[in-house]
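*Asks:* Contents of target.pdb (PDB, C-alpha atoms) are below:
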```pdb
MODEL        1
ATOM      1  CA  MET J   1       9.842  -9.416 -71.706
ATOM      2  CA  LYS J   2       6.389 -10.763 -72.609
ATOM      3  CA  ALA J   3       6.569 -13.265 -69.750
ATOM      4  CA  PHE J   4       6.866 -10.313 -67.388
ATOM      5  CA  ASP J   5       4.329  -7.942 -68.915
ATOM      6  CA  THR J   6       2.599  -7.450 -65.561
ATOM      7  CA  TRP J   7       4.101  -6.718 -62.190
ATOM      8  CA  GLU J   8       2.156  -9.607 -60.658
ATOM      9  CA  ARG J   9       3.998 -12.030 -62.944
ATOM     10  CA  VAL J  10       7.304 -10.548 -61.846
ATOM     11  CA  LEU J  11       6.318 -11.091 -58.224
ATOM     12  CA  LEU J  12       5.234 -14.657 -58.945
ATOM     13  CA  ALA J  13       8.567 -15.360 -60.638
ATOM     14  CA  LEU J  14      10.422 -13.917 -57.637
ATOM     15  CA  ILE J  15       8.400 -16.112 -55.253
ATOM     16  CA  VAL J  16       9.299 -19.203 -57.278
ATOM     17  CA  LEU J  17      12.948 -18.092 -57.265
ATOM     18  CA  VAL J  18      12.928 -17.633 -53.477
ATOM     19  CA  TYR J  19      11.454 -21.076 -52.866
ATOM     20  CA  LEU J  20      13.847 -22.720 -55.308
ATOM     21  CA  LEU J  21      16.905 -20.923 -53.935
ATOM     22  CA  PHE J  22      16.197 -21.503 -50.257
ATOM     23  CA  GLY J  23      14.696 -24.937 -50.887
ATOM     24  CA  LEU J  24      18.059 -26.029 -52.245
ATOM     25  CA  THR J  25      20.173 -24.310 -49.590
ATOM     26  CA  VAL J  26      18.127 -24.474 -46.356
ATOM     27  CA  ASP J  27      17.287 -27.823 -44.799
ATOM     28  CA  ASN J  28      13.542 -28.573 -44.556
ATOM     29  CA  PHE J  29      12.558 -25.182 -45.986
ATOM     30  CA  LEU J  30      10.145 -26.852 -48.405
ATOM     31  CA  SER J  31       8.684 -29.281 -45.884
ATOM     32  CA  PRO J  32       4.906 -28.919 -45.427
ATOM     33  CA  PHE J  33       5.272 -27.893 -41.788
ATOM     34  CA  ALA J  34       7.901 -25.248 -42.588
ATOM     35  CA  LEU J  35       5.756 -23.841 -45.405
ATOM     36  CA  ALA J  36       2.761 -23.675 -43.068
ATOM     37  CA  ASP J  37       4.888 -22.083 -40.368
ATOM     38  CA  SER J  38       6.172 -19.458 -42.802
ATOM     39  CA  THR J  39       2.653 -18.076 -43.273
ATOM     40  CA  TYR J  40       2.665 -16.826 -39.670
ATOM     41  CA  ASN J  41       5.448 -14.514 -40.802
ATOM     42  CA  PHE J  42       3.164 -12.491 -43.064
ATOM     43  CA  SER J  43      -0.514 -13.248 -42.385
ATOM     44  CA  GLU J  44      -1.183 -10.420 -39.898
ATOM     45  CA  LYS J  45       0.978  -8.018 -41.907
ATOM     46  CA  GLY J  46      -0.911  -9.045 -45.026
ATOM     47  CA  LEU J  47      -4.229  -8.151 -43.391
ATOM     48  CA  ILE J  48      -3.174  -4.596 -42.597
ATOM     49  CA  ALA J  49      -1.475  -4.309 -45.997
ATOM     50  CA  LEU J  50      -4.776  -5.141 -47.745
ATOM     51  CA  ALA J  51      -6.492  -2.227 -46.032
ATOM     52  CA  MET J  52      -3.457  -0.009 -46.587
ATOM     53  CA  ALA J  53      -3.542  -0.869 -50.304
ATOM     54  CA  LEU J  54      -7.084   0.477 -50.650
ATOM     55  CA  LEU J  55      -6.077   3.639 -48.833
ATOM     56  CA  VAL J  56      -2.968   4.184 -50.959
ATOM     57  CA  VAL J  57      -4.955   3.565 -54.169
ATOM     58  CA  SER J  58      -7.218   6.409 -53.024
ATOM     59  CA  GLY J  59      -4.195   8.691 -52.623
ATOM     60  CA  GLU J  60      -3.806   8.524 -48.828
ATOM     61  CA  ILE J  61      -1.650   6.583 -46.340
ATOM     62  CA  ASP J  62      -1.854   5.480 -42.704
ATOM     63  CA  LEU J  63       1.445   5.111 -40.846
ATOM     64  CA  SER J  64      -0.285   4.605 -37.482
ATOM     65  CA  VAL J  65      -1.664   1.164 -38.327
ATOM     66  CA  ALA J  66       0.833  -0.798 -36.200
ATOM     67  CA  ALA J  67       0.322   1.519 -33.221
ATOM     68  CA  THR J  68      -3.427   1.054 -33.685
ATOM     69  CA  MET J  69      -2.846  -2.685 -33.364
ATOM     70  CA  ALA J  70      -1.098  -2.124 -30.034
ATOM     71  CA  LEU J  71      -4.031  -0.072 -28.717
ATOM     72  CA  CYS J  72      -6.546  -2.681 -29.918
ATOM     73  CA  SER J  73      -4.639  -5.417 -28.123
ATOM     74  CA  LEU J  74      -4.451  -3.234 -25.012
ATOM     75  CA  ALA J  75      -8.209  -2.626 -25.087
ATOM     76  CA  MET J  76      -8.768  -6.354 -25.348
ATOM     77  CA  GLY J  77      -6.444  -6.976 -22.401
ATOM     78  CA  PHE J  78      -8.102  -4.345 -20.196
ATOM     79  CA  ALA J  79     -11.528  -5.801 -21.054
ATOM     80  CA  MET J  80     -10.331  -9.249 -19.982
ATOM     81  CA  LYS J  81      -8.928  -7.890 -16.709
ATOM     82  CA  ALA J  82     -12.304  -6.210 -16.061
ATOM     83  CA  GLY J  83     -13.971  -9.617 -16.275
ATOM     84  CA  ALA J  84     -15.333  -9.441 -19.820
ATOM     85  CA  GLY J  85     -15.801 -12.601 -21.852
ATOM     86  CA  LEU J  86     -14.294 -13.213 -25.278
ATOM     87  CA  PRO J  87     -17.127 -11.530 -27.271
ATOM     88  CA  LEU J  88     -16.773  -8.287 -25.289
ATOM     89  CA  MET J  89     -12.988  -8.480 -25.578
ATOM     90  CA  LEU J  90     -13.300  -8.684 -29.356
ATOM     91  CA  LEU J  91     -15.809  -5.830 -29.337
ATOM     92  CA  ALA J  92     -13.362  -3.687 -27.329
ATOM     93  CA  ALA J  93     -10.606  -4.327 -29.871
ATOM     94  CA  LEU J  94     -12.937  -3.571 -32.788
ATOM     95  CA  ALA J  95     -14.272  -0.367 -31.210
ATOM     96  CA  THR J  96     -10.715   0.820 -30.538
ATOM     97  CA  GLY J  97      -9.660   0.165 -34.126
ATOM     98  CA  ILE J  98     -12.702   2.007 -35.480
ATOM     99  CA  ALA J  99     -12.054   4.955 -33.141
ATOM    100  CA  CYS J 100      -8.396   5.211 -34.183
ATOM    101  CA  GLY J 101      -9.262   5.015 -37.880
ATOM    102  CA  ALA J 102     -12.104   7.507 -37.484
ATOM    103  CA  LEU J 103      -9.820  10.030 -35.791
ATOM    104  CA  ASN J 104      -7.307   9.743 -38.624
ATOM    105  CA  GLY J 105     -10.071  10.055 -41.216
ATOM    106  CA  TRP J 106     -11.661  13.043 -39.501
ATOM    107  CA  LEU J 107      -8.361  14.933 -39.300
ATOM    108  CA  VAL J 108      -7.626  14.256 -42.975
ATOM    109  CA  THR J 109     -11.070  14.801 -44.497
ATOM    110  CA  ARG J 110     -12.548  17.513 -42.271
ATOM    111  CA  LEU J 111      -9.433  19.553 -41.466
ATOM    112  CA  GLN J 112      -7.810  18.862 -44.856
ATOM    113  CA  LEU J 113      -4.500  17.821 -43.270
ATOM    114  CA  PRO J 114      -1.986  15.651 -45.173
ATOM    115  CA  SER J 115      -2.499  12.024 -44.181
ATOM    116  CA  ILE J 116       1.218  11.309 -43.896
ATOM    117  CA  VAL J 117       1.612  14.108 -41.334
ATOM    118  CA  VAL J 118      -1.555  13.179 -39.450
ATOM    119  CA  THR J 119      -0.680   9.505 -39.160
ATOM    120  CA  ILE J 120       2.913  10.186 -38.130
ATOM    121  CA  GLY J 121       1.396  12.199 -35.287
ATOM    122  CA  THR J 122      -1.187   9.563 -34.354
ATOM    123  CA  LEU J 123       1.486   6.871 -34.604
ATOM    124  CA  SER J 124       3.295   8.573 -31.736
ATOM    125  CA  LEU J 125       0.009   9.274 -29.936
ATOM    126  CA  TYR J 126      -1.339   5.711 -30.096
ATOM    127  CA  ARG J 127       2.007   4.077 -29.304
ATOM    128  CA  GLY J 128       2.570   6.561 -26.484
ATOM    129  CA  LEU J 129      -0.835   5.777 -24.996
ATOM    130  CA  ALA J 130       0.002   2.073 -25.000
ATOM    131  CA  LEU J 131       3.325   2.755 -23.275
ATOM    132  CA  VAL J 132       1.785   5.067 -20.664
ATOM    133  CA  LEU J 133      -1.174   2.803 -19.874
ATOM    134  CA  LEU J 134       0.805  -0.430 -19.709
ATOM    135  CA  GLY J 135       4.363   0.667 -18.974
ATOM    136  CA  ASP J 136       6.816  -2.224 -19.016
ATOM    137  CA  GLN J 137       4.127  -4.726 -18.032
ATOM    138  CA  ALA J 138       2.433  -7.393 -20.134
ATOM    139  CA  ILE J 139      -1.109  -8.744 -20.027
ATOM    140  CA  THR J 140      -1.333 -12.529 -20.250
ATOM    141  CA  GLY J 141      -3.826 -15.294 -19.482
ATOM    142  CA  TYR J 142      -6.005 -14.964 -22.565
ATOM    143  CA  PRO J 143      -8.658 -17.627 -23.313
ATOM    144  CA  GLU J 144      -7.540 -20.812 -25.055
ATOM    145  CA  THR J 145      -9.879 -20.015 -27.955
ATOM    146  CA  LEU J 146      -7.840 -16.923 -28.763
ATOM    147  CA  SER J 147      -4.654 -18.972 -28.787
ATOM    148  CA  THR J 148      -6.279 -21.442 -31.165
ATOM    149  CA  TRP J 149      -7.177 -18.650 -33.570
ATOM    150  CA  GLY J 150      -3.618 -17.347 -33.519
ATOM    151  CA  ASN J 151      -1.699 -20.635 -33.539
ATOM    152  CA  GLY J 152      -4.144 -23.277 -34.713
ATOM    153  CA  THR J 153      -4.830 -24.816 -38.088
ATOM    154  CA  LEU J 154      -7.977 -25.505 -40.068
ATOM    155  CA  GLY J 155      -7.477 -29.124 -39.062
ATOM    156  CA  ASP J 156      -7.921 -28.135 -35.418
ATOM    157  CA  LEU J 157     -11.260 -26.541 -36.267
ATOM    158  CA  LEU J 158     -12.510 -29.263 -38.598
ATOM    159  CA  GLY J 159     -11.020 -32.269 -36.820
ATOM    160  CA  VAL J 160      -8.820 -33.192 -39.801
ATOM    161  CA  GLU J 161      -5.334 -33.843 -38.501
ATOM    162  CA  LYS J 162      -3.555 -33.619 -41.861
ATOM    163  CA  LEU J 163      -5.049 -30.224 -42.723
ATOM    164  CA  ILE J 164      -2.192 -28.049 -41.479
ATOM    165  CA  VAL J 165      -3.207 -24.761 -43.129
ATOM    166  CA  PRO J 166      -2.976 -22.096 -40.378
ATOM    167  CA  ILE J 167      -6.199 -20.306 -39.459
ATOM    168  CA  GLU J 168      -4.453 -16.947 -39.829
ATOM    169  CA  PHE J 169      -3.505 -17.734 -43.428
ATOM    170  CA  ALA J 170      -7.057 -18.826 -44.213
ATOM    171  CA  VAL J 171      -8.347 -15.534 -42.766
ATOM    172  CA  LEU J 172      -5.881 -13.631 -44.953
ATOM    173  CA  LEU J 173      -7.053 -15.448 -48.082
ATOM    174  CA  LEU J 174     -10.724 -14.816 -47.288
ATOM    175  CA  ALA J 175      -9.996 -11.141 -46.617
ATOM    176  CA  ALA J 176      -8.033 -10.891 -49.872
ATOM    177  CA  VAL J 177     -10.954 -12.328 -51.852
ATOM    178  CA  ALA J 178     -13.405  -9.929 -50.206
ATOM    179  CA  VAL J 179     -11.182  -6.865 -50.700
ATOM    180  CA  GLY J 180     -10.342  -7.958 -54.235
ATOM    181  CA  LEU J 181     -14.024  -8.222 -55.160
ATOM    182  CA  LEU J 182     -14.667  -4.798 -53.633
ATOM    183  CA  LEU J 183     -11.816  -3.089 -55.461
ATOM    184  CA  HIS J 184     -11.993  -4.842 -58.823
ATOM    185  CA  ARG J 185     -15.622  -5.844 -59.246
ATOM    186  CA  THR J 186     -17.783  -3.082 -57.745
ATOM    187  CA  VAL J 187     -18.605   0.515 -58.474
ATOM    188  CA  HIS J 188     -17.073   1.431 -55.123
ATOM    189  CA  GLY J 189     -13.738   0.053 -56.295
ATOM    190  CA  ARG J 190     -13.892   2.085 -59.504
ATOM    191  CA  ARG J 191     -14.599   5.181 -57.433
ATOM    192  CA  ILE J 192     -11.598   4.472 -55.196
ATOM    193  CA  TYR J 193      -9.387   4.290 -58.299
ATOM    194  CA  ALA J 194     -10.937   7.522 -59.614
ATOM    195  CA  ILE J 195     -10.298   9.314 -56.328
ATOM    196  CA  GLY J 196      -6.650   8.281 -56.358
ATOM    197  CA  ALA J 197      -6.161   9.203 -60.003
ATOM    198  CA  ASN J 198      -7.763  12.654 -59.733
ATOM    199  CA  ALA J 199      -9.699  13.580 -56.608
ATOM    200  CA  VAL J 200     -10.908  16.889 -58.048
ATOM    201  CA  ALA J 201     -12.305  15.265 -61.194
ATOM    202  CA  ALA J 202     -13.899  12.507 -59.095
ATOM    203  CA  ARG J 203     -15.581  15.116 -56.885
ATOM    204  CA  PHE J 204     -16.983  16.937 -59.902
ATOM    205  CA  SER J 205     -18.233  13.582 -61.212
ATOM    206  CA  GLY J 206     -20.394  13.210 -58.127
ATOM    207  CA  VAL J 207     -18.144  10.935 -56.039
ATOM    208  CA  ALA J 208     -18.229  11.661 -52.294
ATOM    209  CA  VAL J 209     -14.436  11.792 -52.030
ATOM    210  CA  ASN J 210     -14.184  12.662 -48.355
ATOM    211  CA  ARG J 211     -16.786  10.067 -47.390
ATOM    212  CA  TYR J 212     -14.885   7.332 -49.215
ATOM    213  CA  ARG J 213     -11.543   8.340 -47.737
ATOM    214  CA  PHE J 214     -13.017   8.516 -44.234
ATOM    215  CA  ALA J 215     -14.510   5.031 -44.680
ATOM    216  CA  LEU J 216     -11.154   3.697 -45.856
ATOM    217  CA  PHE J 217      -9.381   5.052 -42.765
ATOM    218  CA  VAL J 218     -12.006   3.334 -40.607
ATOM    219  CA  PHE J 219     -11.495   0.125 -42.585
ATOM    220  CA  VAL J 220      -7.783   0.281 -41.856
ATOM    221  CA  GLY J 221      -8.668   0.502 -38.165
ATOM    222  CA  ILE J 222     -10.970  -2.525 -38.458
ATOM    223  CA  MET J 223      -8.298  -4.603 -40.155
ATOM    224  CA  ALA J 224      -5.758  -3.468 -37.541
ATOM    225  CA  ALA J 225      -8.128  -4.746 -34.855
ATOM    226  CA  LEU J 226      -8.473  -8.106 -36.628
ATOM    227  CA  ALA J 227      -4.705  -8.412 -37.007
ATOM    228  CA  ALA J 228      -4.250  -7.447 -33.341
ATOM    229  CA  VAL J 229      -6.660 -10.176 -32.204
ATOM    230  CA  LEU J 230      -4.784 -12.820 -34.188
ATOM    231  CA  LEU J 231      -1.337 -11.580 -33.146
ATOM    232  CA  THR J 232      -2.325 -11.350 -29.472
ATOM    233  CA  GLY J 233      -3.655 -14.892 -29.634
ATOM    234  CA  ARG J 234      -0.495 -16.108 -31.348
ATOM    235  CA  ILE J 235       1.977 -14.621 -28.846
ATOM    236  CA  GLY J 236      -0.382 -14.993 -25.874
ATOM    237  CA  SER J 237       0.182 -11.528 -24.457
ATOM    238  CA  THR J 238      -0.378  -7.795 -24.840
ATOM    239  CA  ARG J 239       2.700  -5.575 -24.804
ATOM    240  CA  PRO J 240       3.091  -1.860 -25.587
ATOM    241  CA  ASN J 241       5.667  -2.665 -28.285
ATOM    242  CA  LEU J 242       3.329  -5.086 -30.064
ATOM    243  CA  ALA J 243       3.791  -4.897 -33.867
ATOM    244  CA  MET J 244       6.510  -2.282 -33.462
ATOM    245  CA  GLY J 245       7.785  -1.223 -36.894
ATOM    246  CA  TRP J 246       5.104  -3.081 -38.829
ATOM    247  CA  GLU J 247       3.975   0.112 -40.532
ATOM    248  CA  LEU J 248       7.185  -0.046 -42.603
ATOM    249  CA  ASP J 249       6.512  -3.673 -43.503
ATOM    250  CA  ALA J 250       2.913  -2.865 -44.495
ATOM    251  CA  VAL J 251       3.995   0.032 -46.715
ATOM    252  CA  THR J 252       6.728  -2.132 -48.247
ATOM    253  CA  ILE J 253       4.215  -4.882 -49.059
ATOM    254  CA  VAL J 254       1.822  -2.377 -50.638
ATOM    255  CA  ILE J 255       4.463  -0.657 -52.776
ATOM    256  CA  LEU J 256       6.211  -3.934 -53.628
ATOM    257  CA  GLY J 257       2.800  -5.223 -54.699
ATOM    258  CA  GLY J 258       2.633  -2.572 -57.411
ATOM    259  CA  VAL J 259       0.327  -0.037 -55.770
ATOM    260  CA  ALA J 260       1.370   3.437 -56.920
ATOM    261  CA  ILE J 261       2.295   5.606 -53.939
ATOM    262  CA  GLU J 262       0.672   8.584 -55.695
ATOM    263  CA  GLY J 263      -2.612   6.651 -55.930
ATOM    264  CA  GLY J 264      -4.898   5.534 -58.723
ATOM    265  CA  ARG J 265      -3.171   2.253 -59.560
ATOM    266  CA  GLY J 266      -2.640  -1.142 -57.931
ATOM    267  CA  SER J 267      -4.152  -4.565 -57.354
ATOM    268  CA  VAL J 268      -5.068  -6.819 -54.455
ATOM    269  CA  LEU J 269      -3.357  -9.789 -56.112
ATOM    270  CA  GLY J 270      -0.092  -7.872 -56.254
ATOM    271  CA  THR J 271      -0.404  -6.986 -52.566
ATOM    272  CA  VAL J 272      -0.984 -10.620 -51.562
ATOM    273  CA  LEU J 273       1.920 -11.842 -53.711
ATOM    274  CA  ALA J 274       4.171  -9.187 -52.188
ATOM    275  CA  ALA J 275       3.167 -10.306 -48.687
ATOM    276  CA  VAL J 276       4.032 -13.918 -49.559
ATOM    277  CA  LEU J 277       7.322 -12.870 -51.163
ATOM    278  CA  LEU J 278       8.464 -10.680 -48.291
ATOM    279  CA  GLY J 279       7.234 -13.098 -45.628
ATOM    280  CA  SER J 280       8.801 -16.221 -47.123
ATOM    281  CA  PHE J 281      12.065 -14.391 -47.804
ATOM    282  CA  THR J 282      12.423 -13.084 -44.239
ATOM    283  CA  PHE J 283      11.330 -16.493 -42.872
ATOM    284  CA  ALA J 284      14.163 -18.137 -44.805
ATOM    285  CA  LEU J 285      16.607 -15.542 -43.500
ATOM    286  CA  GLY J 286      15.388 -16.327 -39.990
ATOM    287  CA  MET J 287      16.107 -20.027 -40.567
ATOM    288  CA  LEU J 288      19.630 -18.962 -41.539
ATOM    289  CA  ASN J 289      19.909 -16.966 -38.271
ATOM    290  CA  VAL J 290      20.320 -13.648 -40.083
ATOM    291  CA  PRO J 291      20.204 -10.784 -37.492
ATOM    292  CA  GLY J 292      17.053  -8.678 -37.282
ATOM    293  CA  ILE J 293      18.889  -5.458 -38.143
ATOM    294  CA  VAL J 294      20.030  -7.016 -41.408
ATOM    295  CA  MET J 295      16.436  -7.975 -42.205
ATOM    296  CA  SER J 296      15.379  -4.376 -41.557
ATOM    297  CA  MET J 297      18.022  -3.192 -44.000
ATOM    298  CA  ILE J 298      16.759  -5.661 -46.593
ATOM    299  CA  VAL J 299      13.149  -4.512 -46.107
ATOM    300  CA  GLY J 300      14.264  -0.898 -46.591
ATOM    301  CA  ALA J 301      16.172  -1.830 -49.744
ATOM    302  CA  LEU J 302      13.140  -3.718 -51.074
ATOM    303  CA  LEU J 303      11.004  -0.634 -50.504
ATOM    304  CA  ILE J 304      13.332   1.426 -52.689
ATOM    305  CA  VAL J 305      13.635  -1.268 -55.360
ATOM    306  CA  SER J 306       9.866  -1.758 -55.468
ATOM    307  CA  MET J 307       9.411   1.918 -56.327
ATOM    308  CA  VAL J 308      12.191   2.042 -58.933
ATOM    309  CA  LEU J 309      11.810  -1.277 -60.776
ATOM    310  CA  PRO J 310       8.167  -0.886 -61.955
ATOM    311  CA  ARG J 311       9.048   2.491 -63.454
ATOM    312  CA  LEU J 312      11.991   0.962 -65.312
ATOM    313  CA  LEU J 313       9.781  -1.839 -66.647
ATOM    314  CA  ARG J 314       7.165   0.672 -67.851
ATOM    315  CA  ARG J 315       9.864   2.634 -69.640
ATOM    316  CA  LEU J 316      11.137  -0.525 -71.334
ATOM    317  CA  LYS J 317       7.619  -1.355 -72.558
ATOM    318  CA  ALA J 318       6.911   2.204 -73.753
ATOM    319  CA  PRO J 319       7.500   3.117 -77.439
ATOM    320  CA  THR J 320      10.982   4.461 -78.126
ATOM    321  CA  GLY J 321       9.742   7.875 -79.189
ATOM    322  CA  LEU J 322       7.745   8.285 -76.005
ATOM    323  CA  ARG J 323      10.727   7.323 -73.872
ATOM    324  CA  VAL J 324      12.919   9.929 -75.530
ATOM    325  CA  GLN J 325      10.203  12.539 -75.269
ATOM    326  CA  GLY J 326       9.642  11.866 -71.577
ATOM    327  CA  ALA J 327      13.337  11.733 -70.710
TER     328      ALA J 327
ENDMDL
END
```
How does the structure come out when it is put into C-alpha cells?

*Replies:*
Amino acid sequence: MKAFDTWERVLLALIVLVYLLFGLTVDNFLSPFALADSTYNFSEKGLIALAMALLVVSGEIDLSVAATMALCSLAMGFAMKAGAGLPLMLLAALATGIACGALNGWLVTRLQLPSIVVTIGTLSLYRGLALVLLGDQAITGYPETLSTWGNGTLGDLLGVEKLIVPIEFAVLLLAAVAVGLLLHRTVHGRRIYAIGANAVAARFSGVAVNRYRFALFVFVGIMAALAAVLLTGRIGSTRPNLAMGWELDAVTIVILGGVAIEGGRGSVLGTVLAAVLLGSFTFALGMLNVPGIVMSMIVGALLIVSMVLPRLLRRLKAPTGLRVQGA
C-alpha cells in the first residue's frame, strides 16, 4: 500500500492503466494527434473544476457553473451582433460571469442561504434565461481568432508546425499552476482550508469568511467565462444548451480529485489528474462508439466511487485500534 499512500498516486496509476488498456485495444489511441485531441475532452471542464475545487475546499459548491457558461457565451454573441469587436465581446462574457458569480455569492454570504440550494435555483434561472433569450436559434459567425483559441495549437501561435499541444490545454496548465500556487503556497490558500475545516473557528481567528467565500463564487464565474470563450470558439456557435450537464462533470472531477465534499481538504494536483483521467477515459469510450447515456452512467458511478474509495483507503491506513473504535 505504500505505493498508493496518497490519492494523487492512485489517480496517476489509474491514468497509466487507462492509457495502457486503451492503447492496446483501440487503434491509434496513443498516437500524438489522438493524445492532443483527447485534451479537448477535458480542458474546459478542467478550468471550471479548478475554480470549483477552491469553492468546495472552502465548504461551498456551485451547481450553476455550466449554466453560467451558457449565459457568458450568449453575452458574447449578443455583443458581436451589436457590432462589438473581439475585446468588447470578451469583456461582455467576463462581466456576465462575474455578475452570475456575484449573485450566487451574495445570496450565500449575505442571506446565509445554503449554496447547494442557491445554485440549484440559479442553475435553472441562468439556463432558463439563455433559453428564453435565444430560443432554438444559434449565434454563429465568430471571428477567426476565437476559433484559433478554441481549436488551434501552440504551433499555430508560435509558427512551429510540430508543436501540436492545443491552446486550450496550455491554458488549463497555466491556470492549474496559478491556482495551485494560490491554494498551496499563500496565506490566502491556508485561510481557504481553514474556512472549509471550521468556518466558525476561522472567523474567530480573524479570517473574513464571507469575503473569501464571496470572492470564490466570483472566481468561479470568471473561470466559467474563460471556459465559455474557449468552448464557443471551439464549436463556433452559441446555443442555449451549451455545456449542458457539465456541472455534474465538474463536481465529479473535483470529488474524484480527492477534494472532500465537506470542505477543508483537497489539492489542485488531484483535480488536474482527475480531469485527465475522466477526459481520457471518456475520449477512449467515444472512439469505441459507446453511447452518451452509457458515459453518463459511468460518470455517475465514478462520482460514487470517488467518494467511497478514499474513505476505504484512509481506514486501511489507520491504526487497527482506531478503526475498531470508529466503527

*Asks:* Considering only C-alpha atoms, state which residue in the set J:Gly46, J:Gly245, J:Gly23, J:Gly300 is at the smallest distance from Leu173 (chain J).

*Replies:* J:Gly46

*Asks:* Tell me which protein, DNA and RNA residues are within 12 Å of region 270-275 of chain J, counting all atoms listed in the file, leaving out same-chain ones fewer than 6 positions away, and put them as an mmCIF file with C-alpha atoms, in the coordinates of the input.

*Replies:*
```
data_model
loop_
_atom_site.group_PDB
_atom_site.id
_atom_site.type_symbol
_atom_site.label_atom_id
_atom_site.label_comp_id
_atom_site.auth_asym_id
_atom_site.auth_seq_id
_atom_site.Cartn_x
_atom_site.Cartn_y
_atom_site.Cartn_z
ATOM 1 C CA THR J 6 2.599 -7.450 -65.561
ATOM 2 C CA TRP J 7 4.101 -6.718 -62.190
ATOM 3 C CA GLU J 8 2.156 -9.607 -60.658
ATOM 4 C CA ARG J 9 3.998 -12.030 -62.944
ATOM 5 C CA VAL J 10 7.304 -10.548 -61.846
ATOM 6 C CA LEU J 11 6.318 -11.091 -58.224
ATOM 7 C CA LEU J 12 5.234 -14.657 -58.945
ATOM 8 C CA ALA J 13 8.567 -15.360 -60.638
ATOM 9 C CA LEU J 14 10.422 -13.917 -57.637
ATOM 10 C CA ILE J 15 8.400 -16.112 -55.253
ATOM 11 C CA VAL J 16 9.299 -19.203 -57.278
ATOM 12 C CA SER J 38 6.172 -19.458 -42.802
ATOM 13 C CA THR J 39 2.653 -18.076 -43.273
ATOM 14 C CA TYR J 40 2.665 -16.826 -39.670
ATOM 15 C CA ASN J 41 5.448 -14.514 -40.802
ATOM 16 C CA PHE J 42 3.164 -12.491 -43.064
ATOM 17 C CA SER J 43 -0.514 -13.248 -42.385
ATOM 18 C CA GLU J 44 -1.183 -10.420 -39.898
ATOM 19 C CA LYS J 45 0.978 -8.018 -41.907
ATOM 20 C CA GLY J 46 -0.911 -9.045 -45.026
ATOM 21 C CA LEU J 47 -4.229 -8.151 -43.391
ATOM 22 C CA ILE J 48 -3.174 -4.596 -42.597
ATOM 23 C CA ALA J 49 -1.475 -4.309 -45.997
ATOM 24 C CA LEU J 50 -4.776 -5.141 -47.745
ATOM 25 C CA ALA J 51 -6.492 -2.227 -46.032
ATOM 26 C CA MET J 52 -3.457 -0.009 -46.587
ATOM 27 C CA ALA J 53 -3.542 -0.869 -50.304
ATOM 28 C CA LEU J 54 -7.084 0.477 -50.650
ATOM 29 C CA VAL J 56 -2.968 4.184 -50.959
ATOM 30 C CA VAL J 57 -4.955 3.565 -54.169
ATOM 31 C CA PHE J 169 -3.505 -17.734 -43.428
ATOM 32 C CA LEU J 172 -5.881 -13.631 -44.953
ATOM 33 C CA LEU J 173 -7.053 -15.448 -48.082
ATOM 34 C CA LEU J 174 -10.724 -14.816 -47.288
ATOM 35 C CA ALA J 175 -9.996 -11.141 -46.617
ATOM 36 C CA ALA J 176 -8.033 -10.891 -49.872
ATOM 37 C CA VAL J 177 -10.954 -12.328 -51.852
ATOM 38 C CA VAL J 179 -11.182 -6.865 -50.700
ATOM 39 C CA GLY J 180 -10.342 -7.958 -54.235
ATOM 40 C CA ASP J 249 6.512 -3.673 -43.503
ATOM 41 C CA ALA J 250 2.913 -2.865 -44.495
ATOM 42 C CA VAL J 251 3.995 0.032 -46.715
ATOM 43 C CA THR J 252 6.728 -2.132 -48.247
ATOM 44 C CA ILE J 253 4.215 -4.882 -49.059
ATOM 45 C CA VAL J 254 1.822 -2.377 -50.638
ATOM 46 C CA ILE J 255 4.463 -0.657 -52.776
ATOM 47 C CA LEU J 256 6.211 -3.934 -53.628
ATOM 48 C CA GLY J 257 2.800 -5.223 -54.699
ATOM 49 C CA GLY J 258 2.633 -2.572 -57.411
ATOM 50 C CA VAL J 259 0.327 -0.037 -55.770
ATOM 51 C CA ALA J 260 1.370 3.437 -56.920
ATOM 52 C CA PHE J 281 12.065 -14.391 -47.804
ATOM 53 C CA THR J 282 12.423 -13.084 -44.239
ATOM 54 C CA PHE J 283 11.330 -16.493 -42.872
ATOM 55 C CA VAL J 299 13.149 -4.512 -46.107
ATOM 56 C CA LEU J 302 13.140 -3.718 -51.074
ATOM 57 C CA LEU J 303 11.004 -0.634 -50.504
ATOM 58 C CA SER J 306 9.866 -1.758 -55.468
#
```

*Asks:* Using Å and a single decimal, report how far CA of Val268 (chain J) sits from CA of Ala215 (chain J).

*Replies:* 18.0 Å

*Asks:* I need the output of the PyMOL selection byres ((chain J and resi 68) around 9) for this file as number ranges by chain; which residues are they?

*Replies:* J: 64-67, 69-73, 96-97, 100-101, 122-123, 126-127, 221, 224-225, 228

*Asks:* Which one is closest to Asn210 (chain J): J:Leu107, J:Ile235, J:Leu316, J:Leu285? Count only C-alpha atoms.

*Replies:*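 Looking at the shortest contact to Asn210 (chain J), the residue is J:Leu107.
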
*Asks:* Kindly give the distance, in Å, that separates CA of Tyr193 (chain J) and CA of Ala227 (chain J), rounded to a single decimal.

*Replies:*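 A separation of 25.2 Å between them.
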
*Asks:* So, with only C-alpha atoms as the atoms that count, which of J:Met80, J:Val26, J:Ala199, J:Leu226 lies closest to Gly59 (chain J)?

*Replies:*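 Smallest distance to Gly59 (chain J) is found for J:Ala199.
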
*Asks:* In Å, with one decimal, what is the gap from CA of Asn104 (chain J) to CA of Gly77 (chain J)?

*Replies:* 23.3 Å

*Asks:* Please determine, counting all atoms listed in the file, which residue among J:Phe217, J:Pro32, J:Ala93, J:Leu21 has the shortest atom-to-atom distance to Glu60 (chain J).

*Replies:*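 Using all atoms listed in the file, Glu60 (chain J) sits closest to J:Phe217.
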
*Asks:* Under the rule that only C-alpha atoms are counted, which of J:Leu133, J:Pro240, J:Val18, J:Ala75 is the nearest residue to Leu30 (chain J)?

*Replies:*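 Answer, going by the shortest atom-to-atom distance: J:Val18.
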
*Asks:* Going by the chain IDs and residue numbers used in this file, which residues fall under the PyMOL selection byres ((chain J and resi 109) around 8)? Write them as a PyMOL selection string.

*Replies:* chain J and resi 105-108+110-113+210-211+213-214

*Asks:* I'd like the box whose edges run along x, y and z of the file and which contains every listed atom of region 235-249 of chain J, padded by 6 Å per side; could you state its centre and edge lengths in Å, one decimal, as AutoDock Vina command-line options?

*Replies:*
```
--center_x 3.7 --center_y -7.4 --center_z -34.0 --size_x 20.2 --size_y 27.1 --size_z 31.0
```
